[in-house]
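Before any comments, here is the structure.
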Amino acid sequence: MIPLIFLASFFVLPADAFGAPTDVAPVSGQTISLLRRNQSPRDVTEWGALARSQRDNLIVKYSGSQTTQKRSSGYNLIVDQLYDSSYYGSLAIGTPAVSFDVILDTGSSDLWVVGSSCGTSCGSSPSYNPSSSSTFQNLSTPLNIQYNAGYADGYGAQDMVQMAGFSVSSQGFAVVDVVSPNLTSPVSGLLGLAWESLAYSGQMPLWQTLASSNTWDSALFGVQLTRYTNDSTAQQLEPGGVLNMGYTNSSLYTGSIDYIDIPGTPSYWYIPLTSMTVQGSSISIASGTTAAIDTGTTNIAGPASSIQAIYAQIPNSQPATGEYAGYYSFPCSTTVNVELSFGGATWSISPADFSFTQSSSTECIGAFFEASTDTGSPSWIIGDAFLKNVYSVFRYNPPSVGFANLSSIAIAENGAGGTVPSATIGTVSASVTNTSDAPRRHALSASLSALFLAFSAVLLL
């Protein structure tokens, strides 16, 4: 799905292209390089299944004293997947620690991994074995998940969790022991990066524990995602960007970071959506409209009337059918320009990111699709189709989301290819204890269905 990738292009990139702090501009925190996995054939049926899965699961998703030590700068290499449709990293759980690949999802707040008792239904993904960890605690929390793309059952637990050189003891997560086959491989789970109020486990998310405990030099994390969707020869695994924990990497962006405060109680990373233009024409956005910034969603979802208005600006576009219901097709020869504003600066979406996939030799499927959310939830879900175009920052205090223009170093990573790093367990530089209360009989039914948006999308391809 991406042009030929030469390893030489990887080696000529500066070291800071991967988010690692440099001697010239030292920064504090931890960098995690992300990788993206792409599928090799462009199969229309498979892309349709992804489109339907994303639409259905997004509706489910949005329906409903600590000891600290400052850590020095550094970086860890991790993994991601599937034609810009999902990005994942790795963490380690247990004592001794075992590493797992997990989707990074700012649209949910729970961590889950498949358990060793899952058996063949969990495929070949590495699984978590509670009996092998001396720090495992079973919370006896029943987990029963039903959702459009399948099912998963398990229980709540606590254990030592390590990520990017940080260690959190008694971190809550879910161990999944029964799951439908389409929700397994190649990742082992998902890490929710939204706020505690969304956590069905009732426990503080990993990132929030670190941010609130003064473990990070700065109480925020930054995300840069690469683009390979317009490269027809992309490999199944490609470098996917970085996750900076505890600092922002100034080598990856230019100018200042434009922060927009969350306009209420933090739950999703939601901010006002104030304006949008398509092909230079304004799209009507109702006053008070909010948008969730969601790394776990591939595309961009909005109200049906707004999506119709967007495609009305694109000649010869029309509603798609079948698996693509809710999406629109448009002539691939048309260059579509979209700009968004969240109350501050205006941000552009690359025409390459507006095109989700190609449904025929001349027709493309757009990245904007129709979806309804519950009252009180954000009416727009802004996913990776937008986030690939900016450096994004998620700040703990004040609760806010920031965007900045990508630097030439970050842009040079798009389609550059390179050596795919393997997940490793690094040295722990700072340790924290999660002291949030963990309800032991809190039913998680339907909770982790929210977590499967990106995961199911990946596995259906």
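Chains: A, B, ... in order of the structure tokens. Residues: from 1 per chain. Ligands: from 1, in order shown.
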Spatial neighbours of stretch 341-343 of chain A, 9 Å, only C-alpha atoms, chain gap at least 3 places, as JSON, numbers by chain: {"A": [260, 271, 272, 273, 274, 275, 276, 290, 291, 346, 347]}
Output file for the residues above (N, CA, C and O atoms, as a PDB file, in the first residue's frame):
ATOM      1  N   ILE A 260      -5.869  23.434  23.513  1.00  0.00           N
ATOM      2  CA  ILE A 260      -7.296  23.703  23.660  1.00  0.00           C
ATOM      3  C   ILE A 260      -7.769  22.934  24.884  1.00  0.00           C
ATOM      4  O   ILE A 260      -7.626  21.705  24.970  1.00  0.00           O
ATOM      5  N   ILE A 271     -12.547  18.178  22.757  1.00  0.00           N
ATOM      6  CA  ILE A 271     -12.355  19.619  22.664  1.00  0.00           C
ATOM      7  C   ILE A 271     -13.383  20.181  21.694  1.00  0.00           C
ATOM      8  O   ILE A 271     -13.978  19.446  20.888  1.00  0.00           O
ATOM      9  N   PRO A 272     -13.628  21.499  21.739  1.00  0.00           N
ATOM     10  CA  PRO A 272     -14.599  22.085  20.794  1.00  0.00           C
ATOM     11  C   PRO A 272     -14.120  21.951  19.348  1.00  0.00           C
ATOM     12  O   PRO A 272     -12.921  22.086  19.066  1.00  0.00           O
ATOM     13  N   LEU A 273     -15.040  21.654  18.460  1.00  0.00           N
ATOM     14  CA  LEU A 273     -14.794  21.727  17.023  1.00  0.00           C
ATOM     15  C   LEU A 273     -15.535  22.955  16.534  1.00  0.00           C
ATOM     16  O   LEU A 273     -16.767  23.001  16.595  1.00  0.00           O
ATOM     17  N   THR A 274     -14.807  23.975  16.091  1.00  0.00           N
ATOM     18  CA  THR A 274     -15.434  25.272  15.814  1.00  0.00           C
ATOM     19  C   THR A 274     -15.640  25.577  14.348  1.00  0.00           C
ATOM     20  O   THR A 274     -16.549  26.329  14.001  1.00  0.00           O
ATOM     21  N   SER A 275     -14.811  25.013  13.473  1.00  0.00           N
ATOM     22  CA  SER A 275     -15.005  25.297  12.047  1.00  0.00           C
ATOM     23  C   SER A 275     -14.375  24.216  11.184  1.00  0.00           C
ATOM     24  O   SER A 275     -13.472  23.495  11.615  1.00  0.00           O
ATOM     25  N   MET A 276     -14.877  24.118   9.959  1.00  0.00           N
ATOM     26  CA  MET A 276     -14.367  23.157   8.981  1.00  0.00           C
ATOM     27  C   MET A 276     -14.627  23.688   7.590  1.00  0.00           C
ATOM     28  O   MET A 276     -15.690  24.256   7.321  1.00  0.00           O
ATOM     29  N   THR A 290     -18.463  19.225  20.069  1.00  0.00           N
ATOM     30  CA  THR A 290     -17.173  18.753  20.568  1.00  0.00           C
ATOM     31  C   THR A 290     -16.705  17.553  19.764  1.00  0.00           C
ATOM     32  O   THR A 290     -17.498  16.840  19.143  1.00  0.00           O
ATOM     33  N   ALA A 291     -15.395  17.331  19.794  1.00  0.00           N
ATOM     34  CA  ALA A 291     -14.777  16.230  19.062  1.00  0.00           C
ATOM     35  C   ALA A 291     -13.813  15.499  19.980  1.00  0.00           C
ATOM     36  O   ALA A 291     -13.036  16.124  20.714  1.00  0.00           O
ATOM     37  N   THR A 346      -5.758  26.794  12.517  1.00  0.00           N
ATOM     38  CA  THR A 346      -6.433  25.969  11.518  1.00  0.00           C
ATOM     39  C   THR A 346      -5.461  24.898  11.044  1.00  0.00           C
ATOM     40  O   THR A 346      -4.295  25.176  10.761  1.00  0.00           O
ATOM     41  N   TRP A 347      -5.960  23.664  10.944  1.00  0.00           N
ATOM     42  CA  TRP A 347      -5.113  22.523  10.601  1.00  0.00           C
ATOM     43  C   TRP A 347      -5.627  21.850   9.340  1.00  0.00           C
ATOM     44  O   TRP A 347      -6.828  21.649   9.186  1.00  0.00           O
TER      45      TRP A 347
END
Long-range neighbours of stretch 93-96 of chain A as a PyMOL selection string, 12 Å cut-off, only C-alpha atoms, 4 positions minimum in chain: chain A and resi 100-102+111-115+126-137+157-163+166-175+188-189+206+425
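Residue-level DSSP output for stretch 270-411 of chain A, from the backbone, shows helix (DSSP H, G or I) at Ala304, Ser305, Ser306, Ile307, Gln308, Ala309, Ile310, Tyr311, Gly322, Glu323, Tyr324, Pro351, Ala352, Asp353, Phe354, Asp384, Ala385, Phe386, Leu387, Ser408, Ile409, Ala410 and Ile411 of chain A.
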File of the preceding selection, C-alpha atoms, as a compact mmCIF listing (two decimals), in the first residue's frame:
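Saved file result.txt follows:
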# COMPACT_ATOMS: atom_id res chain seq x y z
CA ALA A 304 -24.87 12.35 9.11
CA SER A 305 -25.93 15.89 8.13
CA SER A 306 -22.37 17.18 8.41
CA ILE A 307 -20.89 14.25 6.50
CA GLN A 308 -23.44 14.80 3.72
CA ALA A 309 -22.46 18.47 3.61
CA ILE A 310 -18.79 17.54 3.28
CA TYR A 311 -19.32 15.29 0.29
CA GLY A 322 -22.88 -2.66 1.44
CA GLU A 323 -19.90 -2.92 3.77
CA TYR A 324 -19.22 0.77 3.16
CA PRO A 351 -5.51 14.69 0.50
CA ALA A 352 -3.73 11.34 0.89
CA ASP A 353 -5.34 10.93 4.31
CA PHE A 354 -8.78 11.94 3.08
CA ASP A 384 -5.56 9.03 12.68
CA ALA A 385 -6.57 10.48 9.30
CA PHE A 386 -6.16 13.86 11.01
CA LEU A 387 -3.53 13.02 13.62
CA SER A 408 10.75 18.53 8.34
CA ILE A 409 12.30 15.71 10.37
CA ALA A 410 8.88 14.27 11.21
CA ILE A 411 7.58 14.71 7.66
Excluding stretch 361-376 of chain A and any residue of its chain fewer than 2 positions from it, enumerate the residues within 7 Å of it, using only C-alpha atoms, and give them as a PyMOL selection string. chain A and resi 55+59+62-64+299-304+307+326-332+354-359+378-379+385
Output N, CA and C atoms of each residue in that selection to a file, as a PDB file, in the first residue's frame.
ATOM      1  N   ARG A  55     -17.086   1.490  11.841  1.00  0.00           N
ATOM      2  CA  ARG A  55     -18.342   2.221  12.040  1.00  0.00           C
ATOM      3  C   ARG A  55     -19.133   1.628  13.203  1.00  0.00           C
ATOM      4  N   ILE A  59     -19.620   3.241  17.261  1.00  0.00           N
ATOM      5  CA  ILE A  59     -20.921   3.546  17.857  1.00  0.00           C
ATOM      6  C   ILE A  59     -21.005   2.954  19.256  1.00  0.00           C
ATOM      7  N   TYR A  62     -18.601   4.983  21.785  1.00  0.00           N
ATOM      8  CA  TYR A  62     -19.017   6.294  22.250  1.00  0.00           C
ATOM      9  C   TYR A  62     -20.474   6.321  22.665  1.00  0.00           C
ATOM     10  N   SER A  63     -21.125   5.166  22.799  1.00  0.00           N
ATOM     11  CA  SER A  63     -22.512   5.160  23.279  1.00  0.00           C
ATOM     12  C   SER A  63     -22.459   5.245  24.787  1.00  0.00           C
ATOM     13  N   GLY A  64     -22.432   4.907  24.933  1.00  0.00           N
ATOM     14  CA  GLY A  64     -22.309   4.767  26.412  1.00  0.00           C
ATOM     15  C   GLY A  64     -21.066   5.380  27.153  1.00  0.00           C
ATOM     16  N   ASN A 299     -10.228   6.572  11.035  1.00  0.00           N
ATOM     17  CA  ASN A 299     -10.774   7.646  10.215  1.00  0.00           C
ATOM     18  C   ASN A 299     -11.423   8.739  11.053  1.00  0.00           C
ATOM     19  N   ILE A 300     -12.409   9.428  10.491  1.00  0.00           N
ATOM     20  CA  ILE A 300     -13.065  10.546  11.159  1.00  0.00           C
ATOM     21  C   ILE A 300     -14.569  10.362  11.043  1.00  0.00           C
ATOM     22  N   ALA A 301     -15.265  10.367  12.177  1.00  0.00           N
ATOM     23  CA  ALA A 301     -16.708  10.154  12.201  1.00  0.00           C
ATOM     24  C   ALA A 301     -17.420  11.424  12.625  1.00  0.00           C
ATOM     25  N   GLY A 302     -18.607  11.646  12.057  1.00  0.00           N
ATOM     26  CA  GLY A 302     -19.384  12.824  12.409  1.00  0.00           C
ATOM     27  C   GLY A 302     -20.862  12.601  12.151  1.00  0.00           C
ATOM     28  N   PRO A 303     -21.691  13.573  12.523  1.00  0.00           N
ATOM     29  CA  PRO A 303     -23.137  13.460  12.293  1.00  0.00           C
ATOM     30  C   PRO A 303     -23.453  13.336  10.806  1.00  0.00           C
ATOM     31  N   ALA A 304     -24.513  12.614  10.506  1.00  0.00           N
ATOM     32  CA  ALA A 304     -24.872  12.352   9.106  1.00  0.00           C
ATOM     33  C   ALA A 304     -25.039  13.638   8.300  1.00  0.00           C
ATOM     34  N   ILE A 307     -21.615  15.077   7.471  1.00  0.00           N
ATOM     35  CA  ILE A 307     -20.891  14.252   6.502  1.00  0.00           C
ATOM     36  C   ILE A 307     -21.476  14.446   5.103  1.00  0.00           C
ATOM     37  N   GLY A 326     -22.584   4.240   5.200  1.00  0.00           N
ATOM     38  CA  GLY A 326     -22.156   5.290   6.117  1.00  0.00           C
ATOM     39  C   GLY A 326     -20.967   6.052   5.591  1.00  0.00           C
ATOM     40  N   TYR A 327     -20.238   5.458   4.659  1.00  0.00           N
ATOM     41  CA  TYR A 327     -19.116   6.113   3.995  1.00  0.00           C
ATOM     42  C   TYR A 327     -19.597   6.680   2.662  1.00  0.00           C
ATOM     43  N   TYR A 328     -18.712   7.399   1.996  1.00  0.00           N
ATOM     44  CA  TYR A 328     -19.012   7.953   0.669  1.00  0.00           C
ATOM     45  C   TYR A 328     -17.866   7.614  -0.273  1.00  0.00           C
ATOM     46  N   SER A 329     -18.229   7.444  -1.536  1.00  0.00           N
ATOM     47  CA  SER A 329     -17.205   7.278  -2.571  1.00  0.00           C
ATOM     48  C   SER A 329     -17.056   8.588  -3.329  1.00  0.00           C
ATOM     49  N   PHE A 330     -15.898   8.775  -3.919  1.00  0.00           N
ATOM     50  CA  PHE A 330     -15.645   9.971  -4.728  1.00  0.00           C
ATOM     51  C   PHE A 330     -14.578   9.618  -5.758  1.00  0.00           C
ATOM     52  N   PRO A 331     -14.469  10.395  -6.837  1.00  0.00           N
ATOM     53  CA  PRO A 331     -13.479  10.086  -7.870  1.00  0.00           C
ATOM     54  C   PRO A 331     -12.058  10.194  -7.313  1.00  0.00           C
ATOM     55  N   CYS A 332     -11.273   9.157  -7.510  1.00  0.00           N
ATOM     56  CA  CYS A 332      -9.901   9.176  -7.007  1.00  0.00           C
ATOM     57  C   CYS A 332      -9.073  10.288  -7.638  1.00  0.00           C
ATOM     58  N   PHE A 354      -7.341  11.883   3.304  1.00  0.00           N
ATOM     59  CA  PHE A 354      -8.784  11.944   3.079  1.00  0.00           C
ATOM     60  C   PHE A 354      -9.273  10.681   2.382  1.00  0.00           C
ATOM     61  N   SER A 355      -8.421  10.062   1.586  1.00  0.00           N
ATOM     62  CA  SER A 355      -8.789   8.832   0.885  1.00  0.00           C
ATOM     63  C   SER A 355      -8.476   7.633   1.757  1.00  0.00           C
ATOM     64  N   PHE A 356      -9.529   6.947   2.216  1.00  0.00           N
ATOM     65  CA  PHE A 356      -9.361   5.789   3.085  1.00  0.00           C
ATOM     66  C   PHE A 356      -8.847   4.584   2.309  1.00  0.00           C
ATOM     67  N   THR A 357      -9.488   4.291   1.186  1.00  0.00           N
ATOM     68  CA  THR A 357      -9.064   3.189   0.345  1.00  0.00           C
ATOM     69  C   THR A 357      -9.686   3.358  -1.041  1.00  0.00           C
ATOM     70  N   GLN A 358      -9.300   2.518  -1.959  1.00  0.00           N
ATOM     71  CA  GLN A 358      -9.812   2.563  -3.322  1.00  0.00           C
ATOM     72  C   GLN A 358     -10.761   1.388  -3.524  1.00  0.00           C
ATOM     73  N   SER A 359     -11.990   1.685  -3.988  1.00  0.00           N
ATOM     74  CA  SER A 359     -12.991   0.636  -4.153  1.00  0.00           C
ATOM     75  C   SER A 359     -13.070   0.117  -5.580  1.00  0.00           C
ATOM     76  N   PRO A 378     -19.044  13.170  22.641  1.00  0.00           N
ATOM     77  CA  PRO A 378     -18.645  14.013  21.506  1.00  0.00           C
ATOM     78  C   PRO A 378     -19.331  13.543  20.224  1.00  0.00           C
ATOM     79  N   SER A 379     -19.791  14.479  19.425  1.00  0.00           N
ATOM     80  CA  SER A 379     -20.488  14.112  18.189  1.00  0.00           C
ATOM     81  C   SER A 379     -19.521  13.852  17.034  1.00  0.00           C
ATOM     82  N   ALA A 385      -6.581   9.762  10.582  1.00  0.00           N
ATOM     83  CA  ALA A 385      -6.570  10.479   9.302  1.00  0.00           C
ATOM     84  C   ALA A 385      -6.213  11.947   9.508  1.00  0.00           C
TER      85      ALA A 385
END
